[in-house]
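Okay, structure17.cif now, which holds mmCIF, C-alpha atoms:
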data_input
#
loop_
_atom_site.label_atom_id
_atom_site.label_comp_id
_atom_site.auth_asym_id
_atom_site.auth_seq_id
_atom_site.Cartn_x
_atom_site.Cartn_y
_atom_site.Cartn_z
CA MET A 8 22.44 -17.48 33.65
CA SER A 9 21.43 -17.60 37.31
CA ARG A 10 22.51 -20.11 39.94
CA ASP A 11 18.95 -21.48 40.17
CA ASN A 12 18.71 -22.13 36.44
CA VAL A 13 22.05 -23.95 36.39
CA LYS A 14 21.07 -26.21 39.28
CA LYS A 15 18.04 -27.46 37.39
CA GLY A 16 19.99 -29.09 34.57
CA ARG A 17 23.26 -29.75 32.86
CA VAL A 18 25.75 -27.11 31.79
CA ILE A 19 27.36 -28.04 28.49
CA PHE A 20 30.01 -26.08 26.60
CA HIS A 21 30.65 -26.48 22.89
CA ILE A 22 34.13 -25.21 22.03
CA ASP A 23 34.57 -24.34 18.36
CA MET A 24 37.96 -23.06 17.22
CA ASN A 25 37.79 -20.14 14.80
CA SER A 26 39.32 -20.74 11.37
CA PHE A 27 41.49 -23.34 13.07
CA TYR A 28 44.07 -24.21 10.39
CA ALA A 29 44.63 -20.56 9.46
CA SER A 30 44.81 -19.59 13.14
CA VAL A 31 47.41 -22.27 13.84
CA GLU A 32 49.51 -21.04 10.93
CA ALA A 33 49.27 -17.44 12.17
CA ALA A 34 50.25 -18.54 15.68
CA HIS A 35 53.21 -20.40 14.21
CA ASN A 36 54.26 -17.42 12.08
CA PRO A 37 53.14 -14.12 13.70
CA LYS A 38 54.28 -12.17 10.62
CA ILE A 39 51.20 -13.33 8.72
CA LYS A 40 48.79 -12.55 11.56
CA GLY A 41 45.97 -10.26 10.45
CA LYS A 42 46.55 -10.97 6.76
CA PRO A 43 44.17 -12.82 4.43
CA ILE A 44 45.25 -16.46 4.73
CA ALA A 45 43.93 -19.59 3.06
CA ILE A 46 44.91 -23.22 3.52
CA ALA A 47 44.74 -25.20 0.29
CA GLY A 48 45.81 -28.52 -1.08
CA ASN A 49 48.19 -28.12 -4.03
CA PRO A 50 48.36 -24.32 -3.59
CA LYS A 51 50.59 -23.93 -6.66
CA GLU A 52 48.05 -25.68 -8.87
CA ARG A 53 45.22 -23.82 -10.53
CA ARG A 54 42.78 -26.49 -9.39
CA GLY A 55 43.81 -26.47 -5.75
CA ILE A 56 40.84 -26.20 -3.38
CA ILE A 57 40.55 -23.89 -0.38
CA VAL A 58 40.28 -25.92 2.82
CA THR A 59 39.74 -22.98 5.17
CA ALA A 60 40.38 -19.25 5.21
CA SER A 61 41.04 -16.60 7.84
CA TYR A 62 38.31 -14.09 8.60
CA GLU A 63 40.32 -11.42 6.77
CA ALA A 64 40.13 -13.60 3.64
CA ARG A 65 36.47 -14.41 4.16
CA ALA A 66 35.70 -10.71 4.29
CA GLN A 67 36.90 -10.52 0.68
CA GLY A 68 34.73 -13.41 -0.47
CA VAL A 69 37.11 -16.36 -0.05
CA LYS A 70 35.17 -19.50 0.89
CA THR A 71 35.85 -23.13 1.71
CA THR A 72 35.96 -25.49 -1.35
CA MET A 73 36.59 -22.51 -3.67
CA PRO A 74 39.33 -23.12 -6.29
CA VAL A 75 42.58 -21.28 -5.57
CA TRP A 76 42.43 -19.35 -8.83
CA GLU A 77 38.98 -17.97 -7.95
CA ALA A 78 40.08 -17.07 -4.42
CA LYS A 79 43.12 -15.25 -5.83
CA ARG A 80 40.90 -13.34 -8.21
CA LEU A 81 38.70 -12.15 -5.35
CA CYS A 82 41.65 -11.48 -3.03
CA PRO A 83 44.91 -10.82 -4.95
CA SER A 84 46.87 -10.45 -1.68
CA LEU A 85 45.70 -13.86 -0.43
CA LEU A 86 48.47 -15.87 1.20
CA VAL A 87 47.91 -19.52 0.25
CA ILE A 88 49.58 -22.10 2.51
CA PRO A 89 49.69 -25.89 2.09
CA PRO A 90 48.18 -27.85 5.01
CA ASN A 91 50.44 -29.04 7.81
CA PHE A 92 48.40 -31.71 9.57
CA GLU A 93 51.07 -32.60 12.08
CA ARG A 94 51.02 -28.99 13.27
CA TYR A 95 47.21 -28.97 13.46
CA ARG A 96 47.09 -32.25 15.36
CA ALA A 97 49.64 -30.95 17.88
CA ALA A 98 47.55 -27.81 18.42
CA SER A 99 44.42 -29.95 18.80
CA GLN A 100 46.08 -32.05 21.49
CA LYS A 101 46.95 -28.90 23.45
CA LEU A 102 43.33 -27.72 23.12
CA PHE A 103 41.83 -30.88 24.60
CA LEU A 104 44.46 -31.15 27.32
CA LEU A 105 43.51 -27.65 28.43
CA LEU A 106 39.79 -28.49 28.41
CA ARG A 107 40.38 -31.58 30.55
CA GLU A 108 41.78 -29.31 33.25
CA TYR A 109 38.22 -28.11 33.81
CA SER A 110 36.28 -31.36 33.55
CA PRO A 111 36.92 -35.06 32.92
CA LEU A 112 33.84 -35.05 30.68
CA VAL A 113 35.39 -33.83 27.43
CA GLU A 114 34.20 -35.26 24.12
CA PRO A 115 36.23 -34.36 21.01
CA VAL A 116 34.03 -34.13 17.93
CA SER A 117 36.72 -33.26 15.42
CA ILE A 118 40.22 -31.81 15.37
CA ASP A 119 38.95 -28.34 16.28
CA GLU A 120 35.75 -28.74 18.29
CA GLY A 121 34.39 -30.61 21.25
CA TYR A 122 31.93 -30.69 24.14
CA VAL A 123 32.68 -30.16 27.84
CA ASP A 124 30.21 -31.01 30.62
CA VAL A 125 30.95 -28.65 33.52
CA THR A 126 27.78 -29.39 35.48
CA ALA A 127 29.63 -30.95 38.42
CA GLY A 128 32.51 -28.49 38.43
CA ASP A 129 33.30 -25.76 40.91
CA HIS A 130 32.35 -23.12 38.31
CA ARG A 131 28.84 -24.37 37.53
CA SER A 132 27.22 -21.41 39.32
CA ASN A 133 28.88 -19.01 36.88
CA PRO A 134 29.60 -20.78 33.58
CA LEU A 135 29.98 -17.51 31.69
CA VAL A 136 33.04 -16.62 33.76
CA LEU A 137 34.46 -20.10 33.15
CA ALA A 138 33.88 -19.82 29.40
CA LYS A 139 35.69 -16.48 29.31
CA GLU A 140 38.60 -18.00 31.21
CA ILE A 141 38.90 -20.88 28.73
CA GLN A 142 38.67 -18.52 25.77
CA GLU A 143 41.31 -16.16 27.21
CA ARG A 144 43.69 -19.00 28.10
CA LEU A 145 43.54 -20.41 24.57
CA LEU A 146 44.41 -16.95 23.25
CA GLN A 147 47.15 -16.18 25.75
CA GLU A 148 48.82 -19.59 25.86
CA TYR A 149 48.41 -20.75 22.25
CA ASP A 150 47.26 -17.64 20.35
CA LEU A 151 44.19 -19.55 19.14
CA PRO A 152 40.73 -17.93 19.03
CA CYS A 153 37.52 -19.86 19.70
CA SER A 154 33.79 -19.43 20.11
CA ILE A 155 31.91 -21.10 22.96
CA GLY A 156 28.27 -22.09 23.21
CA ILE A 157 26.74 -22.61 26.66
CA ALA A 158 23.49 -24.56 26.99
CA PRO A 159 21.73 -27.35 28.90
CA ASN A 160 22.45 -29.93 26.17
CA LYS A 161 24.84 -30.71 23.32
CA PHE A 162 22.60 -29.65 20.44
CA LEU A 163 21.80 -26.23 21.87
CA ALA A 164 25.45 -25.71 22.86
CA LYS A 165 26.52 -26.45 19.28
CA MET A 166 23.93 -24.06 17.84
CA ALA A 167 24.97 -21.39 20.36
CA SER A 168 28.67 -21.58 19.44
CA ASP A 169 27.76 -20.87 15.81
CA MET A 170 25.81 -17.72 16.66
CA LYS A 171 28.75 -15.43 17.36
CA LYS A 172 32.08 -15.76 15.54
CA PRO A 173 34.93 -15.12 15.93
CA LEU A 174 35.64 -15.00 19.69
CA GLY A 175 32.01 -15.24 20.71
CA ILE A 176 30.45 -16.62 23.87
CA THR A 177 26.72 -17.32 23.60
CA VAL A 178 24.30 -18.65 26.20
CA LEU A 179 21.24 -20.44 24.81
CA ARG A 180 18.55 -21.42 27.31
CA LYS A 181 15.59 -23.65 26.44
CA ARG A 182 13.18 -20.82 27.10
CA GLU A 183 14.99 -18.74 24.46
CA ILE A 184 14.81 -21.20 21.55
CA GLU A 185 11.56 -19.74 20.20
CA GLN A 186 13.18 -16.33 19.98
CA LEU A 187 16.76 -17.22 18.98
CA LEU A 188 16.57 -20.62 17.30
CA TRP A 189 13.24 -20.95 15.57
CA PRO A 190 13.65 -18.02 13.12
CA LEU A 191 16.82 -19.56 11.63
CA PRO A 192 16.64 -21.19 8.16
CA ILE A 193 16.35 -24.97 8.34
CA SER A 194 19.64 -25.29 6.47
CA GLU A 195 21.43 -23.72 9.45
CA MET A 196 20.26 -26.41 11.87
CA TYR A 197 23.03 -28.71 13.05
CA GLY A 198 22.37 -32.22 11.77
CA VAL A 199 20.48 -31.09 8.67
CA GLY A 200 22.52 -31.65 5.52
CA LYS A 201 21.84 -30.29 2.07
CA LYS A 202 19.69 -33.21 0.90
CA THR A 203 17.67 -33.34 4.11
CA ALA A 204 17.12 -29.58 3.91
CA GLU A 205 15.77 -29.97 0.36
CA LYS A 206 13.33 -32.66 1.50
CA LEU A 207 12.18 -30.55 4.44
CA LEU A 208 11.64 -27.54 2.18
CA LYS A 209 9.38 -29.67 -0.02
CA LEU A 210 7.27 -30.30 3.08
CA GLY A 211 6.99 -26.55 3.63
CA ILE A 212 9.52 -26.52 6.46
CA GLU A 213 11.60 -23.40 5.88
CA THR A 214 12.75 -22.58 9.41
CA ILE A 215 13.71 -24.47 12.55
CA GLY A 216 10.47 -23.19 14.03
CA ASP A 217 8.49 -24.82 11.22
CA LEU A 218 10.20 -28.11 12.03
CA ALA A 219 9.46 -27.73 15.76
CA LYS A 220 5.74 -27.38 15.00
CA MET A 221 5.56 -30.13 12.37
CA ASP A 222 3.45 -33.25 12.87
CA GLN A 223 5.78 -35.96 14.22
CA ALA A 224 3.90 -38.66 12.36
CA ILE A 225 4.69 -36.99 9.03
CA LEU A 226 8.34 -36.60 9.94
CA ARG A 227 8.56 -40.25 10.99
CA SER A 228 6.95 -41.42 7.75
CA LYS A 229 9.36 -39.34 5.65
CA PHE A 230 12.59 -39.70 7.63
CA GLY A 231 12.09 -42.55 10.10
CA LYS A 232 13.75 -42.20 13.52
CA VAL A 233 15.88 -39.33 12.22
CA GLY A 234 12.72 -37.29 11.65
CA VAL A 235 11.68 -37.66 15.29
CA GLN A 236 15.20 -36.81 16.42
CA LEU A 237 15.21 -33.63 14.32
CA PHE A 238 11.82 -32.69 15.78
CA GLU A 239 13.16 -33.12 19.31
CA ARG A 240 16.30 -31.11 18.54
CA ALA A 241 14.21 -28.26 17.09
CA ASN A 242 12.30 -28.21 20.38
CA GLY A 243 15.53 -28.10 22.40
CA ILE A 244 15.43 -31.75 23.48
CA ASP A 245 18.73 -33.66 23.50
CA THR A 246 19.53 -36.21 26.20
CA ARG A 247 22.90 -37.36 24.85
CA PRO A 248 25.65 -37.31 27.47
CA VAL A 249 29.08 -35.80 26.93
CA ASP A 250 30.99 -39.04 26.49
CA PRO A 251 34.81 -39.00 26.65
CA GLU A 252 34.82 -42.55 25.27
CA ALA A 253 32.74 -41.71 22.21
CA VAL A 254 34.27 -42.90 18.96
CA SER A 255 32.13 -40.75 16.65
CA GLU A 256 35.21 -39.67 14.71
CA PHE A 257 35.79 -43.31 13.79
CA LYS A 258 32.32 -44.11 12.44
CA SER A 259 34.08 -43.79 9.13
CA ILE A 260 37.62 -43.26 7.96
CA GLY A 261 38.19 -41.68 4.58
CA ASN A 262 40.77 -39.95 2.44
CA SER A 263 40.39 -37.82 -0.66
CA THR A 264 42.63 -35.91 -3.02
CA THR A 265 42.07 -33.19 -5.59
CA LEU A 266 43.92 -34.02 -8.80
CA PRO A 267 46.31 -31.45 -10.34
CA MET A 268 44.40 -31.82 -13.62
CA ASP A 269 41.03 -33.30 -14.47
CA THR A 270 41.61 -36.79 -15.85
CA SER A 271 39.84 -39.67 -17.55
CA ASN A 272 42.95 -41.85 -17.54
CA GLU A 273 42.11 -45.08 -15.70
CA THR A 274 45.80 -45.81 -15.01
CA LYS A 275 46.05 -42.52 -13.10
CA VAL A 276 42.78 -43.28 -11.35
CA LYS A 277 44.08 -46.69 -10.26
CA THR A 278 47.21 -45.05 -8.87
CA VAL A 279 45.18 -42.55 -6.87
CA LEU A 280 42.72 -45.18 -5.58
CA THR A 281 45.60 -47.47 -4.64
CA ASN A 282 47.18 -44.73 -2.54
CA LEU A 283 43.89 -43.67 -1.00
CA SER A 284 43.05 -47.28 -0.11
CA ASP A 285 46.51 -47.70 1.35
CA SER A 286 46.12 -44.64 3.56
CA VAL A 287 42.65 -45.67 4.75
CA ALA A 288 43.86 -49.21 5.49
CA ARG A 289 46.78 -47.96 7.58
CA ARG A 290 44.58 -45.67 9.64
CA MET A 291 42.08 -48.48 10.18
CA SER A 292 44.90 -50.74 11.33
CA ARG A 293 46.08 -48.16 13.85
CA LYS A 294 42.54 -47.78 15.20
CA GLU A 295 42.06 -51.58 15.14
CA VAL A 296 38.79 -51.38 13.22
CA TYR A 297 37.30 -53.18 10.22
CA ALA A 298 34.82 -51.87 7.64
CA GLU A 299 31.64 -53.48 6.41
CA ASN A 300 31.04 -50.87 3.73
CA ILE A 301 33.29 -48.99 1.28
CA GLN A 302 32.26 -45.68 -0.28
CA LEU A 303 33.72 -44.02 -3.38
CA THR A 304 33.45 -40.26 -3.93
CA ILE A 305 33.84 -38.85 -7.45
CA ARG A 306 33.87 -35.13 -8.16
CA TYR A 307 33.83 -34.20 -11.83
CA GLY A 308 35.33 -31.16 -13.54
CA ASP A 309 31.98 -29.37 -13.39
CA ARG A 310 31.99 -29.84 -9.57
CA LYS A 311 29.16 -32.37 -9.68
CA THR A 312 29.86 -34.86 -6.90
CA VAL A 313 28.53 -38.41 -6.57
CA THR A 314 29.04 -40.91 -3.77
CA ARG A 315 28.38 -44.62 -4.12
CA SER A 316 28.92 -47.36 -1.57
CA ARG A 317 29.10 -51.13 -1.47
CA LYS A 318 28.08 -53.38 1.42
CA LEU A 319 30.70 -56.10 1.78
CA LEU A 320 30.19 -59.80 2.43
CA ASN A 321 32.78 -59.79 5.21
CA PRO A 322 34.47 -56.99 7.21
CA VAL A 323 37.72 -55.80 5.59
CA GLN A 324 40.82 -53.92 6.67
CA THR A 325 43.56 -54.53 4.10
CA GLN A 326 44.56 -52.12 1.34
CA GLN A 327 43.85 -54.68 -1.39
CA GLU A 328 40.31 -55.38 -0.19
CA ILE A 329 39.49 -51.69 0.08
CA PHE A 330 41.02 -50.98 -3.35
CA GLU A 331 39.05 -53.80 -5.00
CA ALA A 332 35.79 -52.47 -3.59
CA ALA A 333 36.65 -48.92 -4.70
CA MET A 334 37.53 -50.08 -8.24
CA PHE A 335 34.29 -52.06 -8.46
CA LEU A 336 32.37 -48.87 -7.66
CA TRP A 337 34.49 -46.83 -10.09
CA ARG A 338 33.85 -49.16 -13.01
CA LYS A 339 30.16 -49.36 -12.22
CA TYR A 340 29.39 -45.68 -11.65
CA TRP A 341 31.97 -43.55 -13.49
CA ASN A 342 30.20 -41.63 -16.28
CA GLN A 343 33.29 -41.40 -18.55
CA LYS A 344 33.74 -37.68 -17.88
CA PRO A 345 36.98 -36.10 -16.54
CA VAL A 346 37.41 -36.38 -12.79
CA ARG A 347 38.70 -33.64 -10.44
CA LEU A 348 38.59 -35.36 -7.03
CA LEU A 349 38.53 -38.94 -5.77
CA GLY A 350 37.84 -40.19 -2.27
CA VAL A 351 37.68 -43.57 -0.57
CA THR A 352 35.87 -44.01 2.75
CA ALA A 353 35.57 -47.04 5.01
CA GLN A 354 32.15 -47.03 6.66
CA GLU A 355 30.19 -49.06 9.22
CA LEU A 356 33.32 -49.59 11.27
CA ILE A 357 33.51 -52.26 13.94
CA GLU A 358 36.27 -52.85 16.45
CA LYS A 359 38.67 -55.69 15.77
CA HIS A 360 37.62 -57.78 18.77
CA GLN A 361 33.99 -57.61 17.62
CA VAL A 362 34.66 -58.89 14.12
CA VAL A 363 32.97 -62.18 13.41
CA LYS A 364 34.07 -63.24 9.95
CA GLN A 365 32.43 -66.17 8.23
CA LEU A 366 35.64 -67.69 6.97
CA ASP A 367 35.41 -70.07 4.07
CA LEU A 368 36.70 -73.53 4.93
CA PHE A 369 39.25 -73.38 2.11
CA SER A 370 40.38 -69.77 2.52
CA TYR A 371 40.70 -69.13 6.25
CA LYS A 372 44.44 -69.90 6.24
CA GLU A 373 44.92 -67.42 3.40
CA ASP A 374 43.00 -64.74 5.36
CA ILE A 375 45.25 -65.24 8.37
CA LYS A 376 48.34 -64.94 6.15
CA LYS A 377 47.06 -61.67 4.64
CA ASP A 378 46.36 -60.15 8.06
CA LYS A 379 49.83 -61.08 9.33
CA LEU A 380 51.44 -59.75 6.15
CA ALA A 381 49.58 -56.43 6.49
CA GLU A 382 50.71 -56.09 10.10
CA THR A 383 54.33 -56.79 9.12
CA VAL A 384 54.24 -54.23 6.29
CA ASP A 385 52.80 -51.62 8.65
CA GLU A 386 55.54 -52.28 11.20
CA ILE A 387 58.26 -51.88 8.56
CA ARG A 388 56.77 -48.70 7.11
CA ASN A 389 56.21 -47.17 10.55
CA LYS A 390 59.90 -47.77 11.26
CA PHE A 391 61.46 -46.86 7.91
CA GLY A 392 58.92 -44.45 6.44
CA ASP A 393 55.83 -44.51 4.24
CA SER A 394 57.85 -44.99 1.05
CA SER A 395 59.02 -48.40 2.20
CA LEU A 396 57.39 -51.47 0.64
CA VAL A 397 54.95 -49.74 -1.70
CA LYS A 398 53.33 -51.44 -4.66
CA GLY A 399 54.44 -50.76 -8.20
CA THR A 400 51.17 -48.98 -8.99
CA GLN A 401 51.86 -46.56 -6.16
CA LEU A 402 55.03 -45.33 -7.86
CA GLN A 403 53.32 -44.10 -11.01
CA GLY A 404 52.42 -40.50 -11.79
CA ASP A 405 53.68 -37.30 -10.22
CA ARG A 406 53.93 -36.64 -6.52
CA SER A 407 50.58 -34.88 -6.38
CA GLU A 408 48.95 -38.26 -6.88
CA LEU A 409 50.68 -39.78 -3.85
CA ILE A 410 48.95 -39.98 -0.50
CA ARG A 411 51.74 -41.78 1.33
CA ASP A 412 53.51 -38.80 2.85
CA LYS A 413 52.34 -37.30 6.15
CA GLN A 414 51.22 -34.00 4.65
CA GLN A 415 48.92 -35.50 2.04
CA ARG A 416 47.67 -38.40 4.14
CA GLY A 417 45.67 -36.00 6.29
CA THR A 418 43.22 -35.12 3.54
CA SER A 419 40.14 -36.96 4.75
CA LEU A 420 36.47 -37.22 4.01
CA GLU A 421 34.25 -38.26 6.90
CA LYS A 422 34.39 -36.92 10.49
CA ASP A 423 37.99 -36.14 9.77
CA PHE A 424 39.60 -32.89 8.94
CA LEU A 425 38.39 -32.15 5.39
CA ARG A 426 34.96 -33.71 5.34
CA ASP A 427 33.36 -31.33 2.85
CA LEU A 428 36.04 -31.84 0.20
#

Any chance you could give the structure as structure tokens?
Amino acid sequence: MSRDNVKKGRVIFHIDMNSFYASVEAAHNPKIKGKPIAIAGNPKERRGIIVTASYEARAQGVKTTMPVWEAKRLCPSLLVIPPNFERYRAASQKLFLLLREYSPLVEPVSIDEGYVDVTAGDHRSNPLVLAKEIQERLLQEYDLPCSIGIAPNKFLAKMASDMKKPLGITVLRKREIEQLLWPLPISEMYGVGKKTAEKLLKLGIETIGDLAKMDQAILRSKFGKVGVQLFERANGIDTRPVDPEAVSEFKSIGNSTTLPMDTSNETKVKTVLTNLSDSVARRMSRKEVYAENIQLTIRYGDRKTVTRSRKLLNPVQTQQEIFEAAMFLWRKYWNQKPVRLLGVTAQELIEKHQVVKQLDLFSYKEDIKKDKLAETVDEIRNKFGDSSLVKGTQLQGDRSELIRDKQQRGTSLEKDFLRDL
């Protein structure tokens, strides 16, 4: 990348940590470094699900969302470790502190990836050298590998970081997208999920290049504004700034848990949904946000997954309100078959100071009481632990159904650390 090319536009890095959870565990315990490692919820249970795996494990066929028993069958020497979210969050904080040494324009996207705009920095004339320095420092100081994409915008930087893993550094210029980007399958394009990919395939769009050449009018008619956005991305157009104040990770807040055994028992389901709702409510309270929509995720024993959501009359934040919405969805959409995983997600989040609630004349005092009670309960539990002041329904079942403790509370659905589960 020459000095002249850099001067013409922005220089954006996308930092993507390689097999982050497994790498953090290996850095914490060097004895397991180089061995096939997998992080899994309920690792002792047959139905535990693989969250992530080291590259040594992936080489033997171990994949994310694979049941532990299947992973063990493919890789008998697999070392399965329960997640330690406090450890991962601490490592993430070190990552972003290091990145901010190079630019104030750092935008975290998730616990293990983020964008850095180095356009105005001293190193802009030679970003490849800067990227190598960042990569080497993360290895030397924290023993954490990463891949880095370098491009003139966020989309291309993200696509570039995915092209070479682990420990890759890839430069993707706009003039190279026809050669490097367009041949890729449409399913590999960032921003294209499984359902969108299926719809695009029905239109004859098999590659990113096909999308780049598609009639915009057709894309707009089929996908609305998103269709035009995808068209622009496929052509290397992305004007979004790297925004340190972005709250993309809080567009939704969700928690999920894989059950130790498939169940159709509604009492157990209520216990799980109560705990999930409680965890989501506490996180919303800490972020000072309210939700206008609640989503329920149900994964059945045959791995079929359904998500259903409910638009609420007024924004909510309390555990009881979230639980009631989740139970409404459960009773309406459960198909009576055994369930493997449940998840509750608060969506369409709005900041507390922006909430305009149409309070009923006869209930506004009750709403104020509930909000104050929730704040008091949170204060007590923050001081004395998550087991303080729990509801009776939260005490039922075995510990695998509880989401109150710090280890289990990290299991999240949307823009959090276990989205695909």

How many Å separate atom CA of A:Val233 from atom CA of A:Pro192?
->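 According to the coordinates, atom CA of A:Val233 and atom CA of A:Pro192 are separated by 18.6 Å.
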
Figure out the distance between atom CA of A:Ser30 and atom CA of A:Lys172, please, to one decimal in Å.
->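 According to the coordinates, atom CA of A:Lys172 and atom CA of A:Ser30 are separated by 13.5 Å.
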
Quick one: apply the PyMOL selection byres ((chain A and resi 20) around 8) to the file and drop the selected residues here as an mmCIF file with C-alpha atoms, in the frame of the given file.
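Once written, expr-v8.cif looks like this:
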data_model
loop_
_atom_site.group_PDB
_atom_site.id
_atom_site.type_symbol
_atom_site.label_atom_id
_atom_site.label_comp_id
_atom_site.auth_asym_id
_atom_site.auth_seq_id
_atom_site.Cartn_x
_atom_site.Cartn_y
_atom_site.Cartn_z
ATOM 1 C CA VAL A 18 25.750 -27.110 31.790
ATOM 2 C CA ILE A 19 27.360 -28.040 28.490
ATOM 3 C CA HIS A 21 30.650 -26.480 22.890
ATOM 4 C CA ILE A 22 34.130 -25.210 22.030
ATOM 5 C CA TYR A 122 31.930 -30.690 24.140
ATOM 6 C CA VAL A 123 32.680 -30.160 27.840
ATOM 7 C CA ASP A 124 30.210 -31.010 30.620
ATOM 8 C CA VAL A 125 30.950 -28.650 33.520
ATOM 9 C CA ALA A 138 33.880 -19.820 29.400
ATOM 10 C CA ILE A 155 31.910 -21.100 22.960
ATOM 11 C CA GLY A 156 28.270 -22.090 23.210
ATOM 12 C CA ILE A 157 26.740 -22.610 26.660
ATOM 13 C CA ALA A 158 23.490 -24.560 26.990
ATOM 14 C CA LYS A 161 24.840 -30.710 23.320
ATOM 15 C CA ALA A 164 25.450 -25.710 22.860
#

Hits of the PyMOL selection byres ((chain A and resi 119) around 7) in this structure, as a PyMOL selection string | chain A and resi 23-24+27+99+117-118+120

Kindly export the residues of the current selection with C-alpha atoms, as a PDB file, in the coordinates of the input.
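Output contents, as saved in result17.pdb:
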ATOM      1  CA  ASP A  23      34.570 -24.340  18.360  1.00  0.00           C
ATOM      2  CA  MET A  24      37.960 -23.060  17.220  1.00  0.00           C
ATOM      3  CA  PHE A  27      41.490 -23.340  13.070  1.00  0.00           C
ATOM      4  CA  SER A  99      44.420 -29.950  18.800  1.00  0.00           C
ATOM      5  CA  SER A 117      36.720 -33.260  15.420  1.00  0.00           C
ATOM      6  CA  ILE A 118      40.220 -31.810  15.370  1.00  0.00           C
ATOM      7  CA  GLU A 120      35.750 -28.740  18.290  1.00  0.00           C
TER       8      GLU A 120
END

Residues selected by the PyMOL selection byres ((chain A and resi 181) around 9), written as number ranges by chain = A: 158-159, 163, 179-180, 182-185, 242-244

One decimal, Å: what's the distance from atom CA of A:Met268 over to atom CA of A:Val346, could you say?
->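 Between atom CA of A:Met268 and atom CA of A:Val346 the gap works out to 8.4 Å.
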
Which of these, A:Leu349, A:Leu226, A:Ile212, A:Ile301, has the shortest distance to A:Thr278 once you count all atoms listed in the file?
->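 Of A:Leu349, A:Leu226, A:Ile212, A:Ile301, the one nearest A:Thr278, counting all atoms listed in the file, is A:Leu349.
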
Which of these, A:Gly261, A:Pro248, A:Gly308, A:Pro152, has the shortest distance to A:Pro345 once you count only C-alpha atoms?
->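 Of A:Gly261, A:Pro248, A:Gly308, A:Pro152, the one nearest A:Pro345, counting only C-alpha atoms, is A:Gly308.
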
Find the residues near A:Gly234: any atom within 9 Å, counting all atoms listed in the file, skip ones fewer than 6 places away on the same chain, and give them as an MDAnalysis selection string.
-> chainID A and resid 223:228

Find the residues around A:Arg317 up to 12 Å (only C-alpha atoms counted), leave out those fewer than 6 positions away in its own chain, and share them as a ChimeraX atom specification.
-> /A:298-304,329,331-337,339-340,351-355
